[in-house]
>>> print(open('model22.csv').read())   # CSV, C-alpha atoms
chain,number,residue,atom,x,y,z
B,1231,MET,CA,0.0,0.0,0.0
B,1232,LYS,CA,1.3,3.5,-0.8
B,1233,LYS,CA,0.0,6.5,0.8
B,1234,LEU,CA,-1.5,9.6,-0.5
B,1235,LEU,CA,-0.5,13.1,0.1
B,1236,ILE,CA,-3.1,15.5,-0.5
B,1237,LEU,CA,-4.0,18.9,0.2
B,1238,GLY,CA,-6.6,20.3,2.3
B,1239,ALA,CA,-9.6,21.3,0.4
B,1240,SER,CA,-13.1,21.2,1.8
B,1241,LEU,CA,-15.1,18.3,0.4
B,1242,LEU,CA,-18.6,17.0,0.7
B,1243,LEU,CA,-19.9,13.6,-0.1
B,1244,LEU,CA,-23.6,13.1,-0.3
B,1245,ALA,CA,-25.2,9.7,-0.4
B,1246,ALA,CA,-28.5,7.9,0.3
B,1247,CYS,CA,-28.2,7.4,4.0
B,1248,GLY,CA,-31.7,6.8,5.2
B,1249,ASN,CA,-32.6,3.6,7.1
B,1250,GLY,CA,-29.0,2.3,7.1
B,1251,ASP,CA,-28.5,2.5,3.4
B,1252,ARG,CA,-24.8,2.5,2.6
B,1253,SER,CA,-25.0,3.1,-1.1
B,1254,VAL,CA,-23.1,6.1,-2.4
B,1255,THR,CA,-25.1,8.1,-4.9
B,1256,LYS,CA,-23.3,11.4,-5.2
B,1257,ILE,CA,-19.9,12.9,-4.4
B,1258,ASP,CA,-19.8,16.6,-4.0
B,1259,HIS,CA,-16.2,17.1,-2.6
B,1260,ILE,CA,-13.3,15.0,-1.6
B,1261,HIS,CA,-10.9,15.6,1.4
B,1262,ASP,CA,-8.7,12.5,1.1
B,1263,LEU,CA,-7.9,9.5,-1.1
B,1264,GLU,CA,-6.2,6.3,0.0
B,1265,PHE,CA,-5.6,3.0,-1.6
B,1266,TYR,CA,-5.7,-0.2,0.4
B,1267,ASP,CA,-5.9,-3.8,-0.9
B,1268,ASP,CA,-8.3,-3.8,-3.8
B,1269,ALA,CA,-10.2,-0.6,-2.8
B,1270,LEU,CA,-10.0,3.2,-2.8
B,1271,PHE,CA,-11.1,4.9,0.3
B,1272,ILE,CA,-12.4,8.5,0.2
B,1273,GLY,CA,-12.5,10.7,3.2
B,1274,THR,CA,-15.3,13.2,3.0
B,1275,HIS,CA,-17.3,15.8,4.8
B,1276,TYR,CA,-20.0,13.2,5.5
B,1277,GLY,CA,-18.0,10.1,6.2
B,1278,LEU,CA,-15.6,7.5,4.7
B,1279,ALA,CA,-16.6,6.0,1.4
B,1280,GLU,CA,-15.1,2.9,-0.3
B,1281,VAL,CA,-15.1,1.8,-4.0
B,1282,ASN,CA,-14.1,-1.8,-4.4
B,1283,PHE,CA,-12.4,-2.4,-7.8
B,1284,GLN,CA,-13.1,-6.1,-7.8
B,1285,ASP,CA,-16.9,-5.7,-7.7
B,1286,HIS,CA,-17.1,-2.0,-8.7
B,1287,GLU,CA,-19.4,-1.3,-5.7
B,1288,TRP,CA,-19.5,1.9,-3.7
B,1289,SER,CA,-20.4,2.0,-0.1
B,1290,TRP,CA,-20.2,4.0,3.1
B,1291,LYS,CA,-18.1,2.7,6.0
B,1292,GLY,CA,-19.7,2.6,9.4
B,1293,ASN,CA,-23.2,3.7,10.6
B,1294,GLU,CA,-24.4,7.2,10.4
B,1295,ALA,CA,-22.9,8.1,13.8
B,1296,GLN,CA,-19.5,7.0,12.6
B,1297,ARG,CA,-19.6,9.0,9.3
B,1298,HIS,CA,-17.6,11.9,10.6
B,1299,ASP,CA,-16.2,14.9,8.7
B,1300,PHE,CA,-12.8,13.5,7.8
B,1301,MET,CA,-10.5,16.4,7.3
B,1302,GLY,CA,-7.4,14.2,7.5
B,1303,PHE,CA,-7.1,10.5,6.7
B,1304,GLY,CA,-4.4,7.9,6.4
B,1305,ILE,CA,-3.8,4.1,6.3
B,1306,ARG,CA,-0.9,2.1,7.9
B,1307,GLU,CA,0.6,-0.9,6.2
B,1308,THR,CA,-0.9,-2.9,9.1
B,1309,GLY,CA,-4.4,-1.9,7.9
B,1310,GLU,CA,-5.1,0.4,10.8
B,1311,PHE,CA,-6.9,3.6,9.7
B,1312,LEU,CA,-6.2,7.1,11.1
B,1313,GLY,CA,-8.6,10.0,10.9
B,1314,SER,CA,-9.2,13.5,12.2
B,1315,GLY,CA,-11.9,16.1,11.8
B,1316,HIS,CA,-15.3,16.9,13.1
B,1317,PRO,CA,-18.1,14.7,14.5
B,1318,SER,CA,-21.1,13.4,12.5
B,1319,ASP,CA,-24.4,15.1,13.2
B,1320,GLU,CA,-25.6,11.8,14.4
B,1321,SER,CA,-22.8,11.5,16.9
B,1322,ASP,CA,-22.7,12.7,20.5
B,1323,LEU,CA,-18.9,13.3,20.3
B,1324,SER,CA,-17.4,16.8,20.9
B,1325,ASP,CA,-15.5,18.8,18.3
B,1326,PRO,CA,-12.7,18.4,17.2
B,1327,LEU,CA,-12.2,14.7,17.2
B,1328,GLY,CA,-8.4,14.7,17.7
B,1329,ALA,CA,-6.5,11.7,16.2
B,1330,MET,CA,-8.8,8.8,15.7
B,1331,LEU,CA,-7.9,5.1,15.1
B,1332,SER,CA,-9.9,2.3,13.5
B,1333,ASP,CA,-8.9,-1.3,13.4
B,1334,ASP,CA,-11.9,-2.4,11.3
B,1335,GLN,CA,-11.3,-0.4,8.2
B,1336,GLY,CA,-13.4,2.6,9.2
B,1337,GLU,CA,-16.5,0.8,10.6
B,1338,THR,CA,-15.8,2.1,14.1
B,1339,TRP,CA,-13.4,4.7,15.4
B,1340,GLU,CA,-11.6,5.0,18.7
B,1341,VAL,CA,-11.6,8.6,19.9
B,1342,GLU,CA,-9.2,9.5,22.7
B,1343,VAL,CA,-5.9,10.7,21.3
B,1344,LEU,CA,-5.8,14.5,21.5
B,1345,TYR,CA,-9.6,14.5,21.7
B,1346,GLU,CA,-11.0,18.0,21.5
B,1347,GLU,CA,-7.5,19.4,21.0
B,1348,VAL,CA,-6.4,19.0,17.3
B,1349,ASP,CA,-8.0,19.0,13.9
B,1350,PHE,CA,-5.5,17.4,11.5
B,1351,HIS,CA,-6.1,18.6,8.0
B,1352,LYS,CA,-3.2,16.4,6.8
B,1353,ILE,CA,-2.1,13.0,8.1
B,1354,ASP,CA,1.1,11.6,6.6
B,1355,VAL,CA,2.0,7.9,7.3
B,1356,ASN,CA,5.6,7.4,6.5
B,1357,GLU,CA,5.9,4.8,3.7
B,1358,HIS,CA,9.0,3.0,5.0
B,1359,ASP,CA,8.1,3.1,8.7
B,1360,ASP,CA,4.3,3.3,9.3
B,1361,LYS,CA,4.8,3.7,13.0
B,1362,ILE,CA,5.9,7.3,12.2
B,1363,VAL,CA,2.9,9.5,11.5
B,1364,TYR,CA,2.8,13.3,11.1
B,1365,GLY,CA,-0.2,15.6,11.4
B,1366,PHE,CA,-0.9,19.2,10.5
B,1367,ASP,CA,-3.2,20.8,13.1
B,1368,SER,CA,-5.5,23.4,11.5
B,1369,ILE,CA,-6.2,25.0,14.9
B,1370,SER,CA,-2.7,25.8,16.1
B,1371,GLY,CA,-0.9,25.6,12.7
B,1372,ALA,CA,1.6,23.2,14.3
B,1373,ILE,CA,3.2,19.9,13.2
B,1374,PHE,CA,2.7,16.8,15.3
B,1375,ARG,CA,4.5,13.5,15.2
B,1376,SER,CA,3.7,10.0,16.4
B,1377,ASP,CA,6.3,7.2,16.8
B,1378,ASN,CA,3.8,4.5,17.7
B,1379,GLY,CA,1.4,4.5,14.8
B,1380,GLY,CA,-0.9,7.3,16.1
B,1381,GLU,CA,-1.4,6.1,19.7
B,1382,SER,CA,0.2,9.3,20.9
B,1383,PHE,CA,1.5,12.5,19.3
B,1384,GLN,CA,3.9,15.3,20.3
B,1385,GLN,CA,4.1,18.8,18.9
B,1386,GLN,CA,7.3,19.4,16.8
B,1387,GLY,CA,9.0,22.7,17.5
B,1388,ASP,CA,7.4,26.1,17.9
B,1389,GLU,CA,7.0,27.1,14.3
B,1390,THR,CA,3.5,27.3,13.0
B,1391,PHE,CA,2.0,27.7,9.5
B,1392,ASN,CA,-1.2,29.6,8.5
B,1393,PRO,CA,-3.9,27.0,8.1
B,1394,SER,CA,-5.6,29.0,5.3
B,1395,GLU,CA,-2.3,28.8,3.3
B,1396,PHE,CA,-1.3,25.2,4.1
B,1397,LEU,CA,-1.3,22.9,1.1
B,1398,ASP,CA,0.6,19.7,1.8
B,1399,LEU,CA,3.0,17.7,4.0
B,1400,ILE,CA,5.0,14.7,3.3
B,1401,SER,CA,7.9,12.7,5.0
B,1402,ASN,CA,10.8,11.2,3.2
B,1403,LYS,CA,10.5,7.4,3.0
B,1404,ASP,CA,14.3,7.1,3.2
B,1405,ASP,CA,14.7,9.4,6.1
B,1406,PRO,CA,11.5,10.0,8.2
B,1407,ASP,CA,13.0,13.0,9.9
B,1408,GLN,CA,13.0,14.9,6.5
B,1409,LEU,CA,9.8,16.7,5.8
B,1410,MET,CA,8.5,18.9,3.0
B,1411,LEU,CA,5.6,21.3,3.5
B,1412,SER,CA,4.0,23.5,1.0
B,1413,ASP,CA,1.8,26.6,1.4
B,1414,GLN,CA,1.1,29.6,-0.8
B,1415,ARG,CA,4.6,31.0,-0.3
B,1416,GLY,CA,6.4,27.9,-1.7
B,1417,VAL,CA,8.0,24.7,-0.4
B,1418,PHE,CA,9.6,24.4,3.0
B,1419,LYS,CA,11.9,21.6,4.2
B,1420,SER,CA,12.8,20.3,7.6
B,1421,GLU,CA,15.7,18.0,8.4
B,1422,ASP,CA,14.8,17.5,12.0
B,1423,ALA,CA,11.3,16.1,12.0
B,1424,GLY,CA,9.7,19.6,11.9
B,1425,GLU,CA,11.6,21.2,14.8
B,1426,THR,CA,13.0,23.8,12.4
B,1427,TRP,CA,12.1,24.8,8.8
B,1428,GLU,CA,13.8,26.6,5.8
B,1429,LEU,CA,12.3,27.9,2.6
B,1430,LEU,CA,13.4,25.4,-0.1
B,1431,SER,CA,11.8,27.0,-3.1
B,1432,GLU,CA,9.3,29.7,-4.0
B,1433,GLU,CA,8.6,27.7,-7.2
B,1434,PRO,CA,6.9,25.3,-7.6
B,1435,GLN,CA,4.3,25.6,-5.0
B,1436,VAL,CA,3.6,21.9,-4.4
B,1437,PHE,CA,-0.2,21.4,-4.2
B,1438,LEU,CA,-0.3,17.6,-4.1
B,1439,ALA,CA,2.4,15.0,-3.9
B,1440,SER,CA,1.9,11.3,-4.5
B,1441,THR,CA,4.2,8.5,-3.2
B,1442,TYR,CA,7.3,7.2,-4.9
B,1443,THR,CA,7.5,5.8,-8.4
B,1444,ASN,CA,10.9,4.3,-9.3
B,1445,ASP,CA,12.3,6.0,-6.2
B,1446,GLU,CA,10.9,9.3,-7.2
B,1447,LEU,CA,8.2,11.5,-5.8
B,1448,LEU,CA,5.5,12.4,-8.3
B,1449,VAL,CA,4.2,15.9,-7.7
B,1450,TYR,CA,1.2,17.8,-9.0
B,1451,SER,CA,2.2,21.4,-8.6
B,1452,VAL,CA,0.8,24.9,-9.1
B,1453,GLY,CA,2.7,28.2,-9.4
B,1454,GLN,CA,3.4,30.1,-12.5
B,1455,GLN,CA,2.2,26.9,-14.3
B,1456,GLU,CA,0.2,23.9,-13.5
B,1457,MET,CA,2.2,20.8,-14.2
B,1458,TRP,CA,3.5,17.4,-13.1
B,1459,ARG,CA,7.0,17.2,-11.7
B,1460,THR,CA,9.3,14.6,-10.1
B,1461,THR,CA,12.0,14.8,-7.6
B,1462,SER,CA,14.5,12.1,-6.8
B,1463,ASP,CA,16.3,14.0,-4.0
B,1464,PHE,CA,13.3,15.0,-1.9
B,1465,GLY,CA,12.9,18.5,-3.3
B,1466,GLN,CA,16.4,19.7,-3.9
B,1467,THR,CA,15.9,19.5,-7.7
B,1468,TRP,CA,12.8,19.1,-9.8
B,1469,GLU,CA,12.1,17.8,-13.3
B,1470,ASN,CA,9.0,18.4,-15.4
B,1471,VAL,CA,7.2,15.3,-16.5
B,1472,GLU,CA,5.1,15.0,-19.7
B,1473,LEU,CA,1.9,13.4,-18.3
B,1474,PRO,CA,-1.6,14.3,-19.2
B,1475,LYS,CA,-3.8,16.0,-16.6
B,1476,PRO,CA,-6.9,14.1,-15.9
B,1477,SER,CA,-9.0,17.2,-16.6
B,1478,GLU,CA,-7.8,20.1,-18.8
B,1479,ASN,CA,-10.3,22.5,-17.2
B,1480,GLU,CA,-10.3,21.7,-13.5
B,1481,PRO,CA,-7.4,21.5,-11.0
B,1482,ILE,CA,-6.7,18.3,-9.0
B,1483,MET,CA,-7.9,18.5,-5.4
B,1484,ALA,CA,-6.9,15.1,-4.2
B,1485,LEU,CA,-4.3,12.5,-5.3
B,1486,ALA,CA,-3.3,9.0,-4.3
B,1487,SER,CA,-1.0,6.3,-5.7
B,1488,ASN,CA,-0.4,2.6,-5.4
B,1489,GLU,CA,2.1,0.5,-7.4
B,1490,GLY,CA,1.4,2.2,-10.8
B,1491,MET,CA,-2.2,3.1,-10.0
B,1492,LEU,CA,-3.2,6.7,-9.5
B,1493,ALA,CA,-6.4,8.3,-8.3
B,1494,ALA,CA,-7.2,12.0,-8.8
B,1495,GLY,CA,-10.2,14.0,-7.8
B,1496,THR,CA,-10.9,17.4,-9.4
B,1497,PHE,CA,-12.5,20.6,-8.3
B,1498,ASP,CA,-15.7,19.9,-10.2
B,1499,ASN,CA,-16.2,16.5,-8.5
B,1500,ASP,CA,-14.8,14.2,-11.2
B,1501,LEU,CA,-12.8,11.2,-10.0
B,1502,TYR,CA,-10.2,9.6,-12.4
B,1503,ILE,CA,-8.2,6.4,-12.2
B,1504,SER,CA,-5.0,5.6,-14.0
B,1505,ASN,CA,-3.5,2.1,-14.2
B,1506,ASP,CA,-0.3,3.2,-16.0
B,1507,ASP,CA,1.3,5.8,-13.7
B,1508,GLY,CA,-0.7,8.6,-15.1
B,1509,ALA,CA,-0.1,8.0,-18.8
B,1510,SER,CA,-3.8,7.6,-19.3
B,1511,TRP,CA,-6.9,8.2,-17.2
B,1512,GLU,CA,-10.4,6.7,-16.8
B,1513,LEU,CA,-13.3,8.7,-15.5
B,1514,ILE,CA,-15.2,6.8,-12.7
B,1515,VAL,CA,-17.1,9.7,-11.2
B,1516,GLU,CA,-18.6,12.4,-13.4
B,1517,LYS,CA,-19.8,15.6,-11.8
B,1518,GLY,CA,-20.2,13.8,-8.5
B,1519,GLU,CA,-22.1,10.8,-9.8
B,1520,PRO,CA,-20.4,7.3,-9.9
B,1521,ILE,CA,-20.3,5.8,-13.4
B,1522,GLU,CA,-21.9,2.3,-13.4
>>> encode(input="model22.csv", output="structure tokens")
Amino acid sequence: MKKLLILGASLLLLAACGNGDRSVTKIDHIHDLEFYDDALFIGTHYGLAEVNFQDHEWSWKGNEAQRHDFMGFGIRETGEFLGSGHPSDESDLSDPLGAMLSDDQGETWEVEVLYEEVDFHKIDVNEHDDKIVYGFDSISGAIFRSDNGGESFQQQGDETFNPSEFLDLISNKDDPDQLMLSDQRGVFKSEDAGETWELLSEEPQVFLASTYTNDELLVYSVGQQEMWRTTSDFGQTWENVELPKPSENEPIMALASNEGMLAAGTFDNDLYISNDDGASWELIVEKGEPIE
């Protein structure tokens, strides 16, 4: 399983929810995308949705009380899910939810870590060591780190970032203490697990970064231009990549990758899948409606 890095954009997912119905009928906005096994999981404003590629079925995870507003979402290699955000309208939990854990693929969530303290708008599970998890807190603007798979977190350093300008956060699979963070000013890098930061580049402004392909990091970036780039040295140098955009008219708002497979959600609620590292794309959700 490879993780997704995505950037915080408000998403809504609407579905037929009455009387325990788990069928997903419309996607309005996507917070997060993550591959796991033969499925793609979608963190949304109204819960966690799953599309199973074997049977091509869409479904909600959990009952209505468990369908929270997932602002941040990640999956460990062990299959444990991590989430953060705001409680469902059907839940009696307080806001924010802190760092949640699920050991049944999102059916139920354990809420006690940093409960009512943090709202992670980005959760990064390190690809090489999935016990190391980073979170960006939209309340304080601080970076948090866990060394035990999300069972506890500690704030890293005193530097904070403006939540309204924050775009993405990723850790280096070869050195989990190395981080890249992007906001509207450019790309920042930390060599000490987020204790200190330096401005790496004002261009590109990385909007979304996927996981590694052939030991490279594939990046969808915005700045003076909208383009695909790769970096093999974790942001020191960049190369442009000639890959088609899923949509020529709408920017990508969420991105995930898994062993040659990519998923990209756009601003106008389209969802695309690529099975060849982005060389071609298939539309599976059009204007928010799953394609049968």
>>> atom_distance(input="model22.csv", atom1="CA of Glu1489 (chain B)", atom2="CA of Glu1307 (chain B)")
13.8 Å
>>> atom_distance(input="model22.csv", atom1="CA of Trp1339 (chain B)", atom2="CA of Ile1353 (chain B)")
15.8 Å
>>> residues_around(input="model22.csv", residues="Asp1354 (chain B)", least_positions_apart="5", cutoff="7 Å", atoms="only C-alpha atoms", output="NGL selection string")
:B and (1235 or 1304 or 1363-1365 or 1399-1400)
>>> closest_residue(input="model22.csv", among="B:Gly1379, B:Asp1319, B:Phe1374, B:Leu1411", to="Leu1331 (chain B)", atoms="all atoms listed in the file")
B:Gly1379
>>> closest_residue(input="model22.csv", among="B:Glu1519, B:Glu1340, B:Glu1346, B:Glu1432", to="His1316 (chain B)", atoms="only C-alpha atoms")
B:Glu1346
>>> closest_residue(input="model22.csv", among="B:Glu1478, B:Glu1294, B:Asp1258, B:Glu1342", to="Val1515 (chain B)", atoms="only C-alpha atoms")
B:Asp1258
>>> atom_distance(input="model22.csv", atom1="CA of Ala1329 (chain B)", atom2="CA of Asp1268 (chain B)")
25.4 Å
>>> residues_around(input="model22.csv", residues="Tyr1266 (chain B)", least_positions_apart="6", cutoff="12 Å", atoms="all atoms listed in the file", output="list in words")
Met1231, Lys1232, Lys1233, Leu1234, Ile1272, Glu1280, Val1281, Asn1282, Phe1283, Gly1304, Ile1305, Arg1306, Glu1307, Thr1308, Gly1309, Glu1310, Phe1311, Gln1335, Ala1486, Ser1487, Asn1488, Glu1489 and Met1491 of chain B
>>> closest_residue(input="model22.csv", among="B:Asn1499, B:Ser1368, B:Ser1504, B:Gln1435", to="Ile1260 (chain B)", atoms="only C-alpha atoms")
B:Asn1499
>>> residues_around(input="model22.csv", residues="Tyr1502 (chain B)", least_positions_apart="4", cutoff="12 Å", atoms="only C-alpha atoms", output="PyMOL selection string")
chain B and resi 1263+1270+1474-1477+1482-1487+1491-1498+1508+1510-1518+1520-1521
>>> residues_around(input="model22.csv", residues="Glu1389 (chain B)", least_positions_apart="4", cutoff="9 Å", atoms="all atoms listed in the file", output="JSON, numbers by chain")
{"B": [1371, 1372, 1373, 1424, 1425, 1426, 1427]}
>>> closest_residue(input="model22.csv", among="B:Ser1314, B:Ser1394, B:Phe1464, B:Asp1359", to="Leu1409 (chain B)", atoms="only C-alpha atoms")
B:Phe1464
>>> decode(input="model22.csv", residues="region 1401-1446 of chain B", atoms="C-alpha atoms", output="JSON list (two decimals), in the first residue's frame")
[["chain", "number", "residue", "atom", "x", "y", "z"],
["B", 1401, "SER", "CA", 7.85, 12.74, 4.99],
["B", 1402, "ASN", "CA", 10.79, 11.15, 3.21],
["B", 1403, "LYS", "CA", 10.52, 7.36, 3.02],
["B", 1404, "ASP", "CA", 14.34, 7.08, 3.19],
["B", 1405, "ASP", "CA", 14.67, 9.45, 6.14],
["B", 1406, "PRO", "CA", 11.46, 9.98, 8.17],
["B", 1407, "ASP", "CA", 12.98, 13.02, 9.89],
["B", 1408, "GLN", "CA", 12.99, 14.86, 6.55],
["B", 1409, "LEU", "CA", 9.75, 16.69, 5.77],
["B", 1410, "MET", "CA", 8.48, 18.87, 2.95],
["B", 1411, "LEU", "CA", 5.61, 21.25, 3.52],
["B", 1412, "SER", "CA", 3.99, 23.53, 0.98],
["B", 1413, "ASP", "CA", 1.83, 26.58, 1.38],
["B", 1414, "GLN", "CA", 1.06, 29.57, -0.80],
["B", 1415, "ARG", "CA", 4.57, 30.96, -0.26],
["B", 1416, "GLY", "CA", 6.38, 27.92, -1.65],
["B", 1417, "VAL", "CA", 8.03, 24.72, -0.42],
["B", 1418, "PHE", "CA", 9.60, 24.40, 3.03],
["B", 1419, "LYS", "CA", 11.89, 21.61, 4.20],
["B", 1420, "SER", "CA", 12.80, 20.28, 7.62],
["B", 1421, "GLU", "CA", 15.75, 18.00, 8.39],
["B", 1422, "ASP", "CA", 14.83, 17.49, 12.04],
["B", 1423, "ALA", "CA", 11.26, 16.13, 12.03],
["B", 1424, "GLY", "CA", 9.66, 19.55, 11.95],
["B", 1425, "GLU", "CA", 11.57, 21.19, 14.76],
["B", 1426, "THR", "CA", 12.96, 23.82, 12.35],
["B", 1427, "TRP", "CA", 12.12, 24.79, 8.76],
["B", 1428, "GLU", "CA", 13.78, 26.56, 5.85],
["B", 1429, "LEU", "CA", 12.30, 27.86, 2.61],
["B", 1430, "LEU", "CA", 13.42, 25.44, -0.07],
["B", 1431, "SER", "CA", 11.83, 27.03, -3.12],
["B", 1432, "GLU", "CA", 9.29, 29.66, -4.01],
["B", 1433, "GLU", "CA", 8.57, 27.71, -7.20],
["B", 1434, "PRO", "CA", 6.95, 25.27, -7.58],
["B", 1435, "GLN", "CA", 4.29, 25.60, -4.97],
["B", 1436, "VAL", "CA", 3.55, 21.91, -4.45],
["B", 1437, "PHE", "CA", -0.17, 21.35, -4.25],
["B", 1438, "LEU", "CA", -0.32, 17.56, -4.10],
["B", 1439, "ALA", "CA", 2.44, 14.99, -3.88],
["B", 1440, "SER", "CA", 1.94, 11.28, -4.46],
["B", 1441, "THR", "CA", 4.17, 8.50, -3.23],
["B", 1442, "TYR", "CA", 7.27, 7.23, -4.92],
["B", 1443, "THR", "CA", 7.48, 5.76, -8.41],
["B", 1444, "ASN", "CA", 10.89, 4.30, -9.29],
["B", 1445, "ASP", "CA", 12.35, 5.97, -6.18],
["B", 1446, "GLU", "CA", 10.94, 9.34, -7.23]]
